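Worksheet: one structure, shown below.
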Amino acid sequence: MSAERIRVRGLVQGVGFRPTVWRLAHELGLLGDVRNDGEGVLIRLQPADPTDTDAIERFCTRLRAECPPLARIDAVERTRLEARLDTTTFAILGSDAGAVHTGIVADAATCPACLAEIRDPADRRYRYPFTNCTHCGPRLSIVRGIPYDRARTSMAAFPMCARCRAEYEDPADRRFHAQPNACPDCGPHLWLVDAGGREIAPAELDAPDAIAAASRLLTEGRILAIKGIGGFHLACDATHDTAVETLRQRKRRFAKPFALMARDPDVIRRHARLSELEVEWLASPAAPILLLERLRDSDLAPGIAPGQSTLGFMLPYSPLHHLLLADWDRPLVMTSGNLSDEPPCIDNADALARLSGLADHLLLHDRDIVNRVDDSVWRLMDGRPRPLRRARGYAPAPIRLPPGFGSTAPILALGGELKNSVCLIRDGSAILSQHLGDLEEARTAREYRATLALYGELFQHRPEILAVDRHPDYHSTQLGRAWAEREGLTLIEVQHHHAHLASVLADNDWPLDGGAVLGILLDGLGLGEDGTLWGGEFLLGDYRGVRRVGHLTPAAMPGGVRAIREPWRNLLARLEDAGGWEHWRARYPDLEVMRRLEAQPIGLARSLIARGLNAPRSSSAGRLFDAVAAALGLGGETLSYEGQAAIELEALASTFARTSGTESGYVFDLDCSNRPWRLDPTPLWDALLSDLEHGLPPARVAARFHLGFAAAISDMGARLARDLAVETIALSGGVFQNRLLLESVAGGLRDAGLTPLVHRRLPANDGGLALGQGCVAAALTGDAAGA
């Protein structure tokens with residue numbers, strides 16, 4: 001039998017893939033070689049015994065079955081060679097350079113084998129916080145280029161000692177070509193400093209090493225800045241009231257929940273409900289933060305998650321974390337190392353400058369973080385975990401585009417303004433960056449530009465087409481327009497909710513020519529096709545185009561962007577449309593909500609609405625949630641973080657939903673007289689205010705709103721689907737991160753015999769927008785179907 005050339009595409013570099021190939025070749029009596037290159041892994045094979053005609057077939061079968069844990073095979077392409085190879089062995093060859101068509105593996109949590117080593121006093125890596133192998137450790141956070149070799153990572157600064165080098169060069173060792181491989185003799189090291197930068201010897205705190213010293217400080221109620229895998233965290237004892245409150249004041253994060261890290265699932269179970277599926281997700285190589293239902297008898301500090309019914313927990317995902325929490329039977333706060341709204345620090349000098357006023361001490365190390373990678377956040381919704389933020393552990397793993405998206409000119413989608421990520425499309429796959437943040441913040445905007453340059457170099461991606469949002473004021477849109485004009489590139493502007501629709505379609509592998517679906521897109525706002533602000537949309541369409549067939553009745557946003565930060569403005573606008581402020585003030589004179597409104601400058605706001613001055617009308621579902629939250633006194637006069645009022649409204653409703661049986665929801669009007677249809681919340685206001693007047697608990701009122709809105713959405717969706725002769729409903733937009741709403745709407749659609757598509761790998765919020773933009777651009781350029 002002649003030899004074969006086998007091309008393996010996917011996530012196959014830096015994950016122990018070549019050693020697996022080497023082992024299988026030896027076990028099956030195959031000769032040849034394997035190497036990394038810009039397209040993935042290239043294997044040449046022939047059986048040592050020419051009469052063994054199915055040896056290569058057995059090899060390919062076993063390669064898929066015994067793929068290393070962090071690897072992902074997307075394609076195996078086999079080509080018969082005319083002549084036998086001139087070799088008597090099977091060898092692992094050095095990497096080839098060339099055009100990059102492969103992926104970088106995401107950072108991965110510590111594997112059981114490495115964890116056992118750092119816990120074993122007899123092992124040379126005992127308590128070494130940078131222990132890793134091909135099955136775990138840093139990847140994206142340290143990489144500078146492809147092919148993924150040590151010289152192209154921040155580990156290039158640490159020459160391996162003889163023993164590490166021997167492991168690195170032994171194909172039978174799990175550290176064969178583990179690029180971050182190191183030990184205490186040759187690798188990075190850790191040290192502790194005070195807020196002034198003075199190094200503190202562990203002996204000063206009667207501790208054997210810097211990690212034990214840090215743990216001692218945490219038990220005393222101190223706040224520490226800890227340099228991790230993809231950035232700094234700020235940590236403190238989550239049960240220490242003073243420490244948590246001090247951290248809030250210093251960080252200027254007055255309401256947004258803190259993330260928590262616990263040693264093991266048993267510690268988490270003392271504070272939150274935890275299913276076996278959630279344990280599995282927490283303990284996966286990605287090790288995300290998972291939002292869990294909070295237990296009422298938890299003894300966490302009150303300031304951990306004010307106004308919330310959930311807690312964000314993660315397990316230790318680096319050796320440093322495991323060592324730090326080894327003796328902790330209570331959680332640690334592990335929140336981003338930054339002032340509120342700024343990107344987290346990744347550099348020692350920057351941390352000393354920016355975090356010294358926030359932390360009492362800093363735990364530093366000398367392995368550079370090349371790429372900031374935030375913690376990923378997931379939540380169990382509608383039967384499975386779904387992402388709220390896609391970052392560490394997931395990005396930048398390529399996503400295969402659905403059937404029909406063949407070869408396209410290189411596309412770069414620049415994302416939105418909030419929760420930004422960027423997306424590179426080429427060769428039928430998409431590379432979505434890690435969460436980058438809100439471009440309204442100057443530091444994040446600068447980092448955004450740097451990330452665009454970095455991804456272009458990492459993946460040798462030179463875009464010919466740029467895809468942006470249509471909103472002219474978005475930083476990403478302005479950058480894309482200027483870039484396209486400067487370089488003569490094709491620019492495609494994608495309507496915000498069309499991008500949401502395309503995103504959830506791609507996330508569910510909907511084919512390019514799969515036909516039209518009905519999209520229900522609920523979010524804060526996006527610029528609509530008609531120049532107004534949309535956000536409660538029913539769109540019929542696919543990747544190539546959409547038609548607006550329904551929407552939430554628009555209401556004014558008095559004060560413009562101030563209405564996003566001040567929920568009372570949205571309540572006032574809804575009451576004005578539903579009969580006028582004077583009517584409601586006379587009807588419910590003794591309600592607390594009326595007194596709260598009267599304390600605001602409602603005269604000016606009403607004037608803006610009446611004159612149509614700085615009061616744009618929007619169909620935003622997010623602003624409707626804000627209005628209801630304001631009626632219940634949630635979110636305060638000014639929100640502390642984006643989405644706060646709606647999140648607190650869901651949390652309040654959840655407390656009632658857990659203890660009640662059936663409940664009727666508030667009624668919405670559906671106007672089907674003209675297309676697009678309108679869903680009008682006007683009837684709910686009298687019912688809601690009447691409930692408050694009769695003393696119904698706010699939690700019950702919040703639950704009735706959720707139930708009524710979900711029923712109205714699913715009913716309108718079902719009616720439109722029948723009218724338009726479609727059976728598939730795509731759900732996207734940040735409002736669908738509300739678990740109560742998502743599950744109620746999806747359930748209602750299923751009960752109506754329809755098929756809802758829900759996000760699986762990408763966030764429903766603007767974090768998934770770039771993939772949708774890229775898919776629309778690919779569909780519209782005409783090459784997508786060029787298969």
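Every chain in the structure tokens takes a letter, A first, then B, and so on in the order presented; its residues are numbered from 1, and the ligands are numbered from 1 following the presented order.
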Inset, instruction - May I have the residues within 7 Å of stretch 589-604 of chain A as a ChimeraX atom specification, using only C-alpha atoms and disregarding those fewer than 2 positions away in the same chain? - result: /A:568,585-587,606-608,631,693
Include N, CA, C and O atoms and write out the residues we just selected as a PDB file, in the first residue's frame.
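So out_32.pdb came out as:
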ATOM      1  N   TRP A 568     -36.292  56.222  36.048  1.00  0.00           N
ATOM      2  CA  TRP A 568     -37.539  56.963  36.270  1.00  0.00           C
ATOM      3  C   TRP A 568     -38.003  57.674  35.010  1.00  0.00           C
ATOM      4  O   TRP A 568     -39.218  57.879  34.808  1.00  0.00           O
ATOM      5  N   ARG A 585     -51.320  60.711  38.478  1.00  0.00           N
ATOM      6  CA  ARG A 585     -51.097  61.351  39.779  1.00  0.00           C
ATOM      7  C   ARG A 585     -52.418  61.491  40.539  1.00  0.00           C
ATOM      8  O   ARG A 585     -52.463  61.271  41.768  1.00  0.00           O
ATOM      9  N   ALA A 586     -53.470  61.788  39.813  1.00  0.00           N
ATOM     10  CA  ALA A 586     -54.780  61.901  40.452  1.00  0.00           C
ATOM     11  C   ALA A 586     -55.360  60.531  40.804  1.00  0.00           C
ATOM     12  O   ALA A 586     -56.054  60.375  41.820  1.00  0.00           O
ATOM     13  N   ARG A 587     -55.068  59.556  39.955  1.00  0.00           N
ATOM     14  CA  ARG A 587     -55.629  58.207  40.170  1.00  0.00           C
ATOM     15  C   ARG A 587     -54.969  57.507  41.356  1.00  0.00           C
ATOM     16  O   ARG A 587     -55.630  56.796  42.114  1.00  0.00           O
ATOM     17  N   ARG A 606     -41.165  66.152  30.964  1.00  0.00           N
ATOM     18  CA  ARG A 606     -42.427  66.170  30.237  1.00  0.00           C
ATOM     19  C   ARG A 606     -42.370  67.179  29.086  1.00  0.00           C
ATOM     20  O   ARG A 606     -42.935  66.941  28.003  1.00  0.00           O
ATOM     21  N   SER A 607     -41.685  68.270  29.316  1.00  0.00           N
ATOM     22  CA  SER A 607     -41.543  69.268  28.261  1.00  0.00           C
ATOM     23  C   SER A 607     -40.749  68.710  27.088  1.00  0.00           C
ATOM     24  O   SER A 607     -41.081  68.929  25.921  1.00  0.00           O
ATOM     25  N   LEU A 608     -39.676  67.970  27.400  1.00  0.00           N
ATOM     26  CA  LEU A 608     -38.883  67.349  26.335  1.00  0.00           C
ATOM     27  C   LEU A 608     -39.737  66.388  25.522  1.00  0.00           C
ATOM     28  O   LEU A 608     -39.639  66.334  24.284  1.00  0.00           O
ATOM     29  N   ALA A 631     -40.929  51.683  38.797  1.00  0.00           N
ATOM     30  CA  ALA A 631     -42.206  51.683  39.509  1.00  0.00           C
ATOM     31  C   ALA A 631     -42.094  50.941  40.840  1.00  0.00           C
ATOM     32  O   ALA A 631     -42.823  51.236  41.789  1.00  0.00           O
ATOM     33  N   GLU A 693     -51.227  49.615  44.948  1.00  0.00           N
ATOM     34  CA  GLU A 693     -52.163  50.303  45.838  1.00  0.00           C
ATOM     35  C   GLU A 693     -52.821  49.318  46.809  1.00  0.00           C
ATOM     36  O   GLU A 693     -53.078  49.642  47.978  1.00  0.00           O
TER      37      GLU A 693
END
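Every protein or nucleic acid residue with an atom no more than 8 Å from A:Leu315, counting only C-alpha atoms and leaving out same-chain residues fewer than 6 positions away, appears here: Met261, Ala262, Arg263, Asp264, Pro265, Leu282, Ala283, Ala287, Pro288 and Ile289 of chain A.
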Inset, instruction - May I have the residues within 8 Å of stretch 520-526 of chain A as a list in words, using only C-alpha atoms and disregarding those fewer than 5 positions away in the same chain? - result: His471, Gln495, His496, His497, His500, Leu501, Leu533, Trp534, Gly535, Gly536, Glu537, Phe538, Leu539, Ser618, Ser619, Ser620, Ala621, Gly622, Arg623, Gly717, Ile729, Ala730, Leu731, Ser732, Gly733, Gly734, Val735, Phe736 and Asn765 of chain A
Proximity of stretch 474-568 of chain A to stretch 415-429 of chain A: per-residue shortest pair, 9 Å limit, only C-alpha atoms, as a tab-separated table:
residue	atom	partner	partner_atom	distance
A:Tyr474	CA	A:Glu417	CA	5.5
A:His475	CA	A:Glu417	CA	6.5
A:Ser476	CA	A:Gly416	CA	6.4
A:Thr477	CA	A:Gly416	CA	7.8
A:His496	CA	A:Gly416	CA	8.3
Residues from the last selection, N, CA, C and O atoms, saved as a PDB file, in the first residue's frame:
ATOM      1  N   TYR A 474     -21.022  54.883  17.058  1.00  0.00           N
ATOM      2  CA  TYR A 474     -20.235  53.819  17.685  1.00  0.00           C
ATOM      3  C   TYR A 474     -18.760  54.001  17.345  1.00  0.00           C
ATOM      4  O   TYR A 474     -18.394  54.276  16.193  1.00  0.00           O
ATOM      5  N   HIS A 475     -17.917  53.817  18.343  1.00  0.00           N
ATOM      6  CA  HIS A 475     -16.467  53.892  18.128  1.00  0.00           C
ATOM      7  C   HIS A 475     -16.058  52.898  17.043  1.00  0.00           C
ATOM      8  O   HIS A 475     -15.244  53.218  16.164  1.00  0.00           O
ATOM      9  N   SER A 476     -16.584  51.678  17.103  1.00  0.00           N
ATOM     10  CA  SER A 476     -16.214  50.642  16.143  1.00  0.00           C
ATOM     11  C   SER A 476     -16.655  51.016  14.729  1.00  0.00           C
ATOM     12  O   SER A 476     -15.935  50.737  13.756  1.00  0.00           O
ATOM     13  N   THR A 477     -17.810  51.645  14.603  1.00  0.00           N
ATOM     14  CA  THR A 477     -18.293  52.051  13.282  1.00  0.00           C
ATOM     15  C   THR A 477     -17.428  53.163  12.710  1.00  0.00           C
ATOM     16  O   THR A 477     -17.053  53.138  11.520  1.00  0.00           O
ATOM     17  N   HIS A 496     -28.318  46.616  13.497  1.00  0.00           N
ATOM     18  CA  HIS A 496     -27.998  45.998  14.785  1.00  0.00           C
ATOM     19  C   HIS A 496     -28.767  44.697  15.031  1.00  0.00           C
ATOM     20  O   HIS A 496     -28.185  43.666  15.386  1.00  0.00           O
TER      21      HIS A 496
END
Legend entry - strand (DSSP E or B) per DSSP on the backbone: members of stretch 360-444 of chain A, as JSON, numbers by chain: {"A": [361, 362, 363, 364, 365, 377, 378, 379, 380, 381, 384, 385, 386, 387, 388, 389, 399, 400, 411, 412, 413, 420, 423, 424, 425, 426, 429, 430, 431, 432, 437]}
Inset, instruction - Measuring atom to atom with only C-alpha atoms, identify which of A:Leu454, A:Leu190, A:Leu724, A:Leu85 is nearest to A:Leu320. - result: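 Looking only at the distances to A:Leu320, the closest residue turns out to be A:Leu190.
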Inset, instruction - Go ahead and compute the interatomic distance for atom CA of A:Leu291 and atom CA of A:Glu342, in Å to one decimal. - result: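 So the two atoms, atom CA of A:Leu291 and atom CA of A:Glu342, lie 22.6 Å apart.
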Inset, instruction - Give the answer as one residue: which of A:Asp185, A:Asp374, A:Glu493, A:Glu169 has the shortest atom-to-atom distance to A:Gly231, using only C-alpha atoms? - result: A:Asp374
Inset, instruction - Give the answer as one residue: which of A:Gln434, A:Ser95, A:Ser336, A:Thr88 has the shortest atom-to-atom distance to A:His233, using only C-alpha atoms? - result: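 The closest residue to A:His233 is A:Ser336.
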Legend entry - From A:Leu332, A:Ile492, A:Leu771, A:Ala646, residue lying nearest A:Glu464 [only C-alpha atoms]: A:Ile492
Legend entry - Interatomic distance, atom CA of A:Gly456 to atom CA of A:Ala482 (Å, one decimal): 17.4 Å
Inset, instruction - Find the residues near stretch 242-249 of chain A: any atom within 9 Å, counting only C-alpha atoms, skip ones fewer than 2 places away on the same chain, and give them as a PyMOL selection string. - result: chain A and resi 221-223+234-240+251-255+301-304+333+358-359
Residue contacts of A:Asp206 (12 Å, only C-alpha atoms) excluding same-chain residues fewer than 5 positions away, as an mmCIF file with N, CA and C atoms, in the first residue's frame:
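Result file result27.cif:
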data_model
loop_
_atom_site.group_PDB
_atom_site.id
_atom_site.type_symbol
_atom_site.label_atom_id
_atom_site.label_comp_id
_atom_site.auth_asym_id
_atom_site.auth_seq_id
_atom_site.Cartn_x
_atom_site.Cartn_y
_atom_site.Cartn_z
ATOM 1 N N ILE A 200 7.756 41.867 50.397
ATOM 2 C CA ILE A 200 7.569 41.336 51.742
ATOM 3 C C ILE A 200 8.029 39.889 51.764
ATOM 4 N N ALA A 201 9.021 39.605 52.571
ATOM 5 C CA ALA A 201 9.498 38.231 52.717
ATOM 6 C C ALA A 201 8.432 37.411 53.424
ATOM 7 N N ILE A 211 2.564 32.550 48.589
ATOM 8 C CA ILE A 211 1.149 32.193 48.504
ATOM 9 C C ILE A 211 0.565 32.012 49.898
ATOM 10 N N ALA A 212 1.289 31.316 50.763
ATOM 11 C CA ALA A 212 0.823 31.138 52.141
ATOM 12 C C ALA A 212 0.741 32.485 52.855
ATOM 13 N N ALA A 213 1.679 33.386 52.553
ATOM 14 C CA ALA A 213 1.644 34.718 53.156
ATOM 15 C C ALA A 213 0.413 35.487 52.680
ATOM 16 N N ALA A 214 0.092 35.356 51.393
ATOM 17 C CA ALA A 214 -1.095 36.021 50.855
ATOM 18 C C ALA A 214 -2.362 35.489 51.519
ATOM 19 N N SER A 215 -2.419 34.184 51.709
ATOM 20 C CA SER A 215 -3.568 33.580 52.373
ATOM 21 C C SER A 215 -3.716 34.120 53.792
ATOM 22 N N ARG A 216 -2.601 34.265 54.492
ATOM 23 C CA ARG A 216 -2.632 34.808 55.846
ATOM 24 C C ARG A 216 -3.214 36.222 55.852
ATOM 25 N N LEU A 217 -2.806 37.036 54.898
ATOM 26 C CA LEU A 217 -3.323 38.409 54.821
ATOM 27 C C LEU A 217 -4.820 38.428 54.537
#
Legend entry - Shortest interatomic distance to A:Asp577 - which of A:Thr20, A:Thr444, A:Thr682, A:Ser640, counting only C-alpha atoms: A:Thr682
Legend entry - Selection near A:Glu650, 8 Å with only C-alpha atoms, sequence-local residues under 5 positions removed, as a ChimeraX atom specification: /A:702-703,706,738,740
Inset, instruction - Could you tell me, as a PyMOL selection string, which residues of stretch 258-408 of chain A DSSP assigns to helix (DSSP H, G or I) when given the backbone? - result: chain A and resi 265-269+276-282+319-325+348-355
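Between A:Pro676 and the residues A:Arg548, A:Arg125, A:Arg273, A:Arg5, the shortest atom-to-atom distance, using only C-alpha atoms, involves A:Arg548.
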Inset, instruction - Measure the distance from atom CA of A:Gly32 to atom CA of A:Arg44 in Å and round it to one decimal. - result: 5.2 Å
